[in-house]
Amino acid sequence: MISAAGIAAQLTELALAVVLAPLLTGWVNQCRAWLQNRSAPGLLQPYRMLAKLFQKEVALAHNASPMFRTAPYLVFGCLCVAAAIVPTLGTDLPLNAVADAIALVGLLALARMFIALAGMDVGTAFGSLGARREMLVGFLAEPALLMVLFTASLISHSTSLATIVETLAHRELVIYPSMAFAGIAFTMVSLAENARIPVDNPSTHLELTMIHEAMVLEYSGRHLAMIEWAASLKLFVYSCMGLALFFPWGVAEGGDWLGIVLALPGLFVKLAIGGAGLSLIETVSAKLRIFRAPEFLGTAFLLAVLAMLVHVLLEG
Amino acid sequence: MSMATLMHYAPQVINLLAALLLLLAFAMLAQRRIQLLINLFAAQGLVLAASAALVGLVSGQHHLFVSAGITLVLKVVVLPLILHWLIRRLNVKWDVETLFNIPTTMLIGIVLVILAFNVAQPISLLAGTVARSTLGIALAAILLAFLMMITRSKAVPQVIGFLAMENGLFFAATSATYGIPMVVEFGVALDVLVGALILGIFIFQIRERFDSLDTRHLEKLKEQ
């Protein structure tokens, strides 16, 4: 049964994700600046950036199709739904009945497809180059992500993320060695999917090796703002998915409001630590050549397969 | 922490350590840098010592503490030091060369893991130890180290593969039968140490003779 409280919790989580996503990006940028001995931009810089972009006028290419103009909103919409599926505060989410972890991967793939199509739409060299690279990374990262989710599903006997979180957080504490493998694989996948350093550099518009930025070079004004916001939201979704799978403690069971309020500071602390960890990884590692990316993601896939094997051997 | 909680969580921690051992075996297989390879070998030794000590604690087989101590001294401190000294003396800065590319090697590794798990399943049912389910991982670690010896063309990684294989054997012994008799254990430890020293001298000789550490030179019988 869908309760009013469930819908309210669902909307709260969605609003929280949409509002907080740029803050997480700002925090990661700030940590990275500190680690690299630069003076950090303000924590709210991504919001100022979005406000500025929303005010600017849109410069469109002459041959841009309607697809090019709608893609930013479609991508943003896909990621909003994805953010609504991942349990961040409580596990009583009505959307979980219709969309499980596999649907989540599908939504992320749909967003990627739209942004790649938009990248190729105008027909500039950079756009199609970036789109092709994005699809290469995507098709390698997706099976690894699915394997990670399947490992968690094998443990909790369900592909619904809410059930996975409930199993991992609220039953008796059991150490799952398979989750250690899955955790490493998930970290590698999320680095690649969020255009982070070993695979792509998020803070460049100048390199021939860029992937995500090459695709969105043609965008400006409010379209670019939607794309940037969607990119922040994607980072937020991946962070919350990681927290839900590997550090689910603190998420409220069911839809009890006191639990949800209590879960909020926990979420902040976990995201802050996760963001600091991400900036640390980005600082200590060097960018891979594009042809090393298949090896990087292949390793992630193998680790995820190993996670399933170890689950069958040790925990089965 | 009370004894009961310790007893409850100890088998799970042993499983976790076994999984870490397998992870390190794969990391060694994928590693291109020789110095990091040695550090991974040392880390594997540390995991091995921890798991042996824990199995000893849980099962009350206190001779396993001695085994863990030997492992700690030998595989975490002495052998890595010897290997680091060796590559410094040889002045080898190169990355590790492989015969196949790394993704192919990893795929073969996965196949070996599936094989090892299947072979070990019926055997581990016969064992009555705390850590019997980790026998498959021990076997997989042995096979992965063996694979590393086969796929590397330079002498130093082959030696590390040999030593890692001994790690796997030791782990199999602790998980299946609570370790091997002390006399045998001391013998094996000494063997590994002496083996590493002899192989070190052997590596110097290979370089003296061929000006390279590539063991493929040894496949030719006659000089051109």
# chains A, B, ... in the order shown; residues from 1 in each chain; ligands from 1

call {"tool": "closest_atom_pairs", "arguments": {"of": "chain B", "to": "chain A", "cutoff": "9 Å", "atoms": "only C-alpha atoms", "output": "JSON lines"}}
result
{"residue": "B:Tyr9", "atom": "CA", "partner": "A:Val174", "partner_atom": "CA", "distance": 8.0}
{"residue": "B:Gln12", "atom": "CA", "partner": "A:Ile175", "partner_atom": "CA", "distance": 5.9}
{"residue": "B:Val13", "atom": "CA", "partner": "A:Ile175", "partner_atom": "CA", "distance": 7.1}
{"residue": "B:Asn15", "atom": "CA", "partner": "A:Pro177", "partner_atom": "CA", "distance": 6.5}
{"residue": "B:Leu16", "atom": "CA", "partner": "A:Pro177", "partner_atom": "CA", "distance": 4.6}
{"residue": "B:Leu17", "atom": "CA", "partner": "A:Pro177", "partner_atom": "CA", "distance": 8.0}
{"residue": "B:Ala18", "atom": "CA", "partner": "A:Pro177", "partner_atom": "CA", "distance": 8.3}
{"residue": "B:Ala19", "atom": "CA", "partner": "A:Pro177", "partner_atom": "CA", "distance": 5.9}
{"residue": "B:Leu20", "atom": "CA", "partner": "A:Pro177", "partner_atom": "CA", "distance": 8.0}
{"residue": "B:Leu23", "atom": "CA", "partner": "A:Phe181", "partner_atom": "CA", "distance": 7.5}
{"residue": "B:Phe26", "atom": "CA", "partner": "A:Leu303", "partner_atom": "CA", "distance": 8.9}
{"residue": "B:Ala30", "atom": "CA", "partner": "A:Thr299", "partner_atom": "CA", "distance": 8.6}
{"residue": "B:Ile102", "atom": "CA", "partner": "A:Glu295", "partner_atom": "CA", "distance": 7.8}
{"residue": "B:Pro103", "atom": "CA", "partner": "A:Glu295", "partner_atom": "CA", "distance": 6.2}
{"residue": "B:Met106", "atom": "CA", "partner": "A:Leu302", "partner_atom": "CA", "distance": 7.5}
{"residue": "B:Leu107", "atom": "CA", "partner": "A:Leu302", "partner_atom": "CA", "distance": 7.5}
{"residue": "B:Ile110", "atom": "CA", "partner": "A:Leu302", "partner_atom": "CA", "distance": 7.3}
{"residue": "B:Val113", "atom": "CA", "partner": "A:Leu306", "partner_atom": "CA", "distance": 8.3}
{"residue": "B:Ile114", "atom": "CA", "partner": "A:Leu309", "partner_atom": "CA", "distance": 7.5}
{"residue": "B:Phe117", "atom": "CA", "partner": "A:Leu313", "partner_atom": "CA", "distance": 7.0}
{"residue": "B:Gln121", "atom": "CA", "partner": "A:Leu313", "partner_atom": "CA", "distance": 8.1}
{"residue": "B:Ser133", "atom": "CA", "partner": "A:Leu314", "partner_atom": "CA", "distance": 6.0}
{"residue": "B:Thr134", "atom": "CA", "partner": "A:Leu314", "partner_atom": "CA", "distance": 7.0}
{"residue": "B:Gly136", "atom": "CA", "partner": "A:Leu313", "partner_atom": "CA", "distance": 7.7}
{"residue": "B:Ile137", "atom": "CA", "partner": "A:Val310", "partner_atom": "CA", "distance": 8.4}

call {"tool": "atom_distance", "arguments": {"atom1": "atom CA of A:Gly90", "atom2": "atom CA of A:Ile273"}}
result
20.2 Å

call {"tool": "residues_around", "arguments": {"residues": "A:Leu23", "least_positions_apart": "6", "cutoff": "10 Å", "atoms": "only C-alpha atoms", "output": "list in words"}}
result
Ala17, Asn29, Leu43, Leu44, Gln45, Pro46, Tyr47, Ser232 and Phe236 of chain A

call {"tool": "residues_around", "arguments": {"residues": "stretch 155-171 of chain A", "least_positions_apart": "3", "cutoff": "7 Å", "atoms": "only C-alpha atoms", "output": "list in words"}}
result
Val86, Pro87, Thr91, Asn96, Asp100, Ala101, Thr151, Ala152, Ala244, Leu245, Pro248, Trp249 and Glu253 of chain A

call {"tool": "residues_around", "arguments": {"residues": "A:Leu262", "least_positions_apart": "6", "cutoff": "12 Å", "atoms": "only C-alpha atoms", "output": "count of residues only"}}
result
10

call {"tool": "closest_residue", "arguments": {"among": "B:Ala53, B:Leu90, B:Ile34, B:Glu166", "to": "B:Ala189", "atoms": "only C-alpha atoms"}}
result
B:Glu166

call {"tool": "atom_distance", "arguments": {"atom1": "atom CA of A:Met226", "atom2": "atom CA of A:Tyr73"}}
result
6.6 Å
